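Enquirer: target.txt (compact mmCIF, C-alpha atoms) pasted underneath:
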```txt
# COMPACT_ATOMS: atom_id res chain seq x y z
CA MET A 375 -19.08 -17.58 9.12
CA SER A 376 -19.89 -16.72 5.54
CA LYS A 377 -23.05 -17.45 3.57
CA SER A 378 -23.04 -17.54 -0.22
CA ASN A 379 -25.71 -19.06 -2.46
CA ASP A 380 -27.09 -21.20 0.38
CA ARG A 381 -23.59 -22.45 1.15
CA ILE A 382 -22.71 -21.88 4.78
CA LEU A 383 -18.98 -21.73 5.36
CA ILE A 384 -17.49 -21.84 8.84
CA ALA A 385 -13.84 -21.09 9.59
CA ARG A 386 -12.28 -22.29 12.83
CA THR A 387 -8.94 -23.28 14.29
CA ILE A 388 -7.88 -26.83 13.53
CA PRO A 389 -4.99 -29.15 14.45
CA SER A 390 -2.06 -29.05 12.02
CA GLU A 391 -2.59 -32.65 10.91
CA LEU A 392 -5.91 -31.72 9.30
CA THR A 393 -4.07 -29.39 6.91
CA HIS A 394 -2.00 -32.21 5.39
CA PRO A 395 -4.44 -33.62 2.77
CA ILE A 396 -5.04 -30.20 1.18
CA ARG A 397 -1.34 -29.28 1.46
CA LYS A 398 -0.54 -32.50 -0.43
CA MET A 399 -3.23 -32.11 -3.08
CA VAL A 400 -2.95 -28.38 -3.79
CA LEU A 401 0.41 -27.04 -2.62
CA TRP A 402 3.02 -29.76 -2.57
CA PRO A 403 2.21 -32.60 -4.97
CA HIS A 404 5.96 -32.75 -5.71
CA ILE A 405 6.72 -34.01 -2.18
CA THR A 406 7.12 -37.78 -2.32
CA ASN A 407 8.11 -38.67 1.26
CA GLY A 408 4.60 -38.15 2.62
CA ASP A 409 5.60 -35.43 5.11
CA TYR A 410 3.35 -32.42 4.64
CA SER A 411 4.15 -30.80 7.97
CA LEU A 412 6.07 -27.58 8.54
CA ALA A 413 8.77 -27.48 11.21
CA ILE A 414 6.88 -24.65 12.90
CA ASP A 415 3.43 -26.38 12.90
CA LYS A 416 3.59 -27.29 16.60
CA ASN A 417 5.04 -23.99 17.83
CA PRO A 418 2.80 -22.52 20.59
CA ASP A 419 2.39 -19.26 18.63
CA THR A 420 1.42 -21.04 15.40
CA PHE A 421 -2.22 -21.68 14.61
CA HIS A 422 -4.11 -23.27 11.75
CA ILE A 423 -7.50 -22.34 10.39
CA GLY A 424 -9.78 -24.43 8.23
CA THR A 425 -12.94 -23.48 6.41
CA TYR A 426 -15.68 -26.08 6.40
CA LEU A 427 -18.62 -26.60 4.12
CA ARG A 428 -20.88 -28.73 6.30
CA GLN A 429 -18.47 -31.41 7.59
CA THR A 430 -15.96 -31.10 4.73
CA LEU A 431 -12.70 -29.20 5.19
CA ILE A 432 -12.23 -27.24 1.97
CA SER A 433 -9.66 -24.53 2.75
CA ILE A 434 -6.65 -24.30 5.08
CA GLY A 435 -4.07 -21.77 6.25
CA THR A 436 -1.22 -21.72 8.76
CA PHE A 437 -0.31 -18.58 10.71
CA ILE A 438 3.18 -18.26 12.16
CA LYS A 439 4.59 -15.59 14.45
CA GLU A 440 7.48 -14.54 12.23
CA ASN A 441 8.92 -11.12 11.45
CA ASN A 442 9.96 -10.32 7.92
CA PRO A 443 12.99 -7.97 7.81
CA LYS A 444 11.44 -6.21 4.81
CA PHE A 445 9.08 -4.51 7.30
CA SER A 446 9.97 -2.43 10.35
CA THR A 447 6.78 -3.32 12.23
CA LYS A 448 7.60 -5.49 15.24
CA SER A 449 4.40 -7.50 15.77
CA GLN A 450 4.06 -9.64 12.63
CA TYR A 451 2.53 -12.94 11.61
CA ARG A 452 3.18 -14.87 8.45
CA LEU A 453 0.55 -16.76 6.47
CA ARG A 454 1.87 -20.02 5.03
CA ALA A 455 0.41 -22.96 3.20
CA MET A 456 -2.97 -21.42 2.43
CA ALA A 457 -4.96 -23.43 -0.08
CA THR A 458 -8.48 -24.30 -1.12
CA ASP A 459 -9.55 -27.60 -2.63
CA SER A 460 -9.90 -26.87 -6.36
CA LYS A 461 -13.49 -28.19 -6.38
CA PHE A 462 -14.51 -25.35 -4.05
CA ARG A 463 -12.56 -22.36 -5.38
CA GLY A 464 -14.59 -19.22 -5.90
CA TRP A 465 -17.01 -20.08 -3.09
CA GLY A 466 -15.54 -17.63 -0.56
CA ALA A 467 -13.77 -20.24 1.58
CA GLY A 468 -10.40 -18.47 1.43
CA LYS A 469 -11.91 -15.13 2.31
CA CYS A 470 -13.84 -16.68 5.20
CA LEU A 471 -10.58 -18.20 6.49
CA PHE A 472 -8.69 -14.93 6.08
CA LEU A 473 -11.30 -12.92 8.00
CA LYS A 474 -11.28 -15.45 10.86
CA ALA A 475 -7.48 -15.20 10.99
CA VAL A 476 -7.61 -11.40 11.12
CA GLU A 477 -10.07 -11.62 14.01
CA LEU A 478 -7.68 -13.92 15.93
CA LEU A 479 -4.56 -11.93 15.01
CA LYS A 480 -6.11 -8.72 16.30
CA THR A 481 -6.66 -10.37 19.71
CA LYS A 482 -2.91 -11.13 19.67
CA LYS A 483 -2.17 -7.43 19.01
CA THR A 484 -0.60 -8.30 15.64
CA LYS A 485 0.10 -5.26 13.47
CA LEU A 486 1.15 -6.84 10.16
CA LEU A 487 0.25 -10.02 8.28
CA TRP A 488 2.47 -11.05 5.37
CA CYS A 489 2.95 -14.00 3.05
CA ASP A 490 4.92 -15.32 0.10
CA ALA A 491 2.18 -15.48 -2.53
CA ARG A 492 2.33 -17.55 -5.66
CA ILE A 493 1.96 -15.22 -8.64
CA LYS A 494 -1.33 -16.88 -9.64
CA SER A 495 -2.68 -16.09 -6.13
CA VAL A 496 -1.76 -12.39 -6.11
CA PRO A 497 -5.24 -11.29 -7.38
CA PHE A 498 -6.90 -13.24 -4.53
CA TYR A 499 -4.77 -11.45 -1.92
CA LYS A 500 -5.28 -8.07 -3.61
CA ASN A 501 -9.05 -8.62 -3.33
CA LEU A 502 -8.46 -8.93 0.43
CA ASN A 503 -6.78 -5.49 0.36
CA MET A 504 -3.28 -6.89 0.71
CA HIS A 505 -0.44 -5.01 -0.97
CA SER A 506 2.55 -6.48 -2.75
CA LEU A 507 6.21 -5.62 -2.94
CA GLU A 508 7.43 -5.27 -6.52
CA LYS A 509 10.12 -7.95 -6.61
CA ILE A 510 9.22 -11.36 -8.03
CA TYR A 511 11.31 -14.27 -6.75
CA GLU A 512 11.43 -18.00 -7.39
CA ILE A 513 10.79 -20.72 -4.81
CA ILE A 514 12.29 -24.03 -5.93
CA ASN A 515 9.75 -26.68 -7.04
CA ILE A 516 6.89 -24.21 -6.60
CA GLY A 517 7.45 -21.20 -8.87
CA PRO A 518 7.40 -17.39 -8.89
CA HIS A 519 6.19 -15.48 -5.80
CA LYS A 520 5.67 -11.98 -4.45
CA THR A 521 5.67 -10.76 -0.87
CA MET A 522 2.15 -9.63 0.09
CA TYR A 523 1.20 -7.78 3.28
CA ILE A 524 -1.54 -5.95 5.13
CA TYR A 525 -1.50 -3.73 8.20
CA LEU A 526 -4.25 -5.08 10.43
CA ASP A 527 -5.05 -1.66 11.88
CA ASP A 528 -6.28 -0.79 8.37
CA ILE A 529 -8.97 -3.52 8.56
CA LEU A 530 -12.15 -2.51 10.33
```
Could you rewrite the structure in this file as C-alpha cells?
Expert:
Amino acid sequence: MSKSNDRILIARTIPSELTHPIRKMVLWPHITNGDYSLAIDKNPDTFHIGTYLRQTLISIGTFIKENNPKFSTKSQYRLRAMATDSKFRGWGAGKCLFLKAVELLKTKKTKLLWCDARIKSVPFYKNLNMHSLEKIYEIINIGPHKTMYIYLDDIL
C-alpha cells in the first residue's frame, strides 16, 4: 500500500485477463487482432500484479520465472508488460506495484529481477535502483530498449 496526496494505492495479484485493457491502451496499440495475452500468462510460476486507486486498476505488471543468459544468477524472474494508465502516471502506482512484486519474489527466493525496458522508461527503473546494461537494442513495433536488473538481496 502506498499513500500519496490523499491517494491510497493498493497493489495486489490479479488474473492475467485484467491486464489486457492497459496492455492494449499503453503497450500494444499496434496489435489489431485483439489478443493482448502472453503465451506465458497462465504458467503456474507467472503472476500478475495490479495497482488500484479505489476500485480502478491503474497499473499492471507480469512477472515470469525466466533466466536471462546475460546473468549467471540462477534464480531469476523477468518483469514484462508493466504499464500505468497515462492519466495516473506520476502518482506512485508503478512503484507501489514494483515493491509488492519484490515482496512476493523474495518469498520465492528469487535473487534477480530483470526486464527489457523501453528507453523512455529507463529513468523510472533507475529510480527503483535498477541498473542497466549498456547495449541498446530494438524490439520490432515497439522501439529501443535496454536490459535493466536488480539483485533482490540488495533491497531491504
Enquirer: My list of candidates is A:Asn501, A:Asn407, A:Ser390, A:Thr521. Which is closest to Thr436 (chain A) when distances are computed with only C-alpha atoms?
Expert: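 Under the stated criterion, the closest residue is A:Ser390.
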Enquirer: Would you pick out the contacts of Cys489 (chain A) at 6 Å or less, using all atoms listed in the file, so that residues sharing its chain but fewer than 5 positions from it are not included, and give the list as a list of chain:residue names?
Expert: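 The residues that qualify are A:Arg452, A:Leu453, A:Thr521, A:Met522.
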Enquirer: Within 12 Å of (3.1, -21.7, 15.3) (coordinates as in the file), grab all the protein and nucleic acid residues, counting all atoms listed in the file, and write them out as JSON, numbers by chain.
Expert: {"A": [389, 390, 411, 412, 413, 414, 415, 416, 417, 418, 419, 420, 421, 422, 423, 435, 436, 437, 438, 439, 440, 451, 452, 453, 454]}
Enquirer: Quick one: residues within 10 Å of Arg386 (chain A), all atoms listed in the file, excluding same-chain residues fewer than 6 positions away - as a PyMOL selection string?
Expert: chain A and resi 375+422-426+434+470-471+474-475
Enquirer: To one decimal in Å, tell me the separation between CA of Lys485 (chain A) and CA of Leu526 (chain A).
Expert: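 Separation of CA of Lys485 (chain A) and CA of Leu526 (chain A): 5.3 Å.
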Enquirer: Taking (-15.1, -32.4, -3.0) in the file's coordinates, which residues come within 12 Å, counting only C-alpha atoms, written as a compact mmCIF listing (two decimals) with C-alpha atoms, in the coordinates of the input?
Expert:
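out.txt was written with the following content:
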```txt
# COMPACT_ATOMS: atom_id res chain seq x y z
CA ILE A 396 -5.04 -30.20 1.18
CA MET A 399 -3.23 -32.11 -3.08
CA TYR A 426 -15.68 -26.08 6.40
CA LEU A 427 -18.62 -26.60 4.12
CA ARG A 428 -20.88 -28.73 6.30
CA GLN A 429 -18.47 -31.41 7.59
CA THR A 430 -15.96 -31.10 4.73
CA LEU A 431 -12.70 -29.20 5.19
CA ILE A 432 -12.23 -27.24 1.97
CA SER A 433 -9.66 -24.53 2.75
CA THR A 458 -8.48 -24.30 -1.12
CA ASP A 459 -9.55 -27.60 -2.63
CA SER A 460 -9.90 -26.87 -6.36
CA LYS A 461 -13.49 -28.19 -6.38
CA PHE A 462 -14.51 -25.35 -4.05
CA ARG A 463 -12.56 -22.36 -5.38
```
Enquirer: Under the rule that all atoms listed in the file are counted, which of A:Gln450, A:Val400, A:Leu502, A:Arg492 is the nearest residue to Lys480 (chain A)?
Expert: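 Closest residue, counting all atoms listed in the file: A:Gln450.
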Enquirer: How far is it from CA of Ser449 (chain A) to CA of Leu486 (chain A), in Å with one decimal?
Expert: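 A separation of 6.5 Å between them.
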Enquirer: At what distance in Å, to one decimal, does CA of Trp402 (chain A) lie from CA of Ala457 (chain A)?
Expert: 10.5 Å
Enquirer: Using all atoms listed in the file, pick whichever of A:Ile529, A:Leu478, A:Ile516, A:Ala455 has the shortest atom-to-atom distance to Asn503 (chain A).
Expert: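 Of all the options, A:Ile529 lies closest to Asn503 (chain A).
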Enquirer: Quick one: of A:Ala467, A:Val496, A:Ile405, A:Ala491, who's nearest to Ile513 (chain A), counting all atoms listed in the file?
Expert: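 Comparing A:Ala467, A:Val496, A:Ile405, A:Ala491 against Ile513 (chain A), the winner is A:Ala491.
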Enquirer: Check the smallest atom-to-atom distance from each of A:Asn515, A:Thr406, A:Ser506, A:Thr447 to Lys483 (chain A) using all atoms listed in the file, then report the winner.
Expert: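 Comparing A:Asn515, A:Thr406, A:Ser506, A:Thr447 against Lys483 (chain A), the winner is A:Thr447.
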Enquirer: Nearest residue to Phe498 (chain A) out of A:Gly464, A:Gly408, A:Pro443, A:Pro395, using only C-alpha atoms?
Expert: A:Gly464
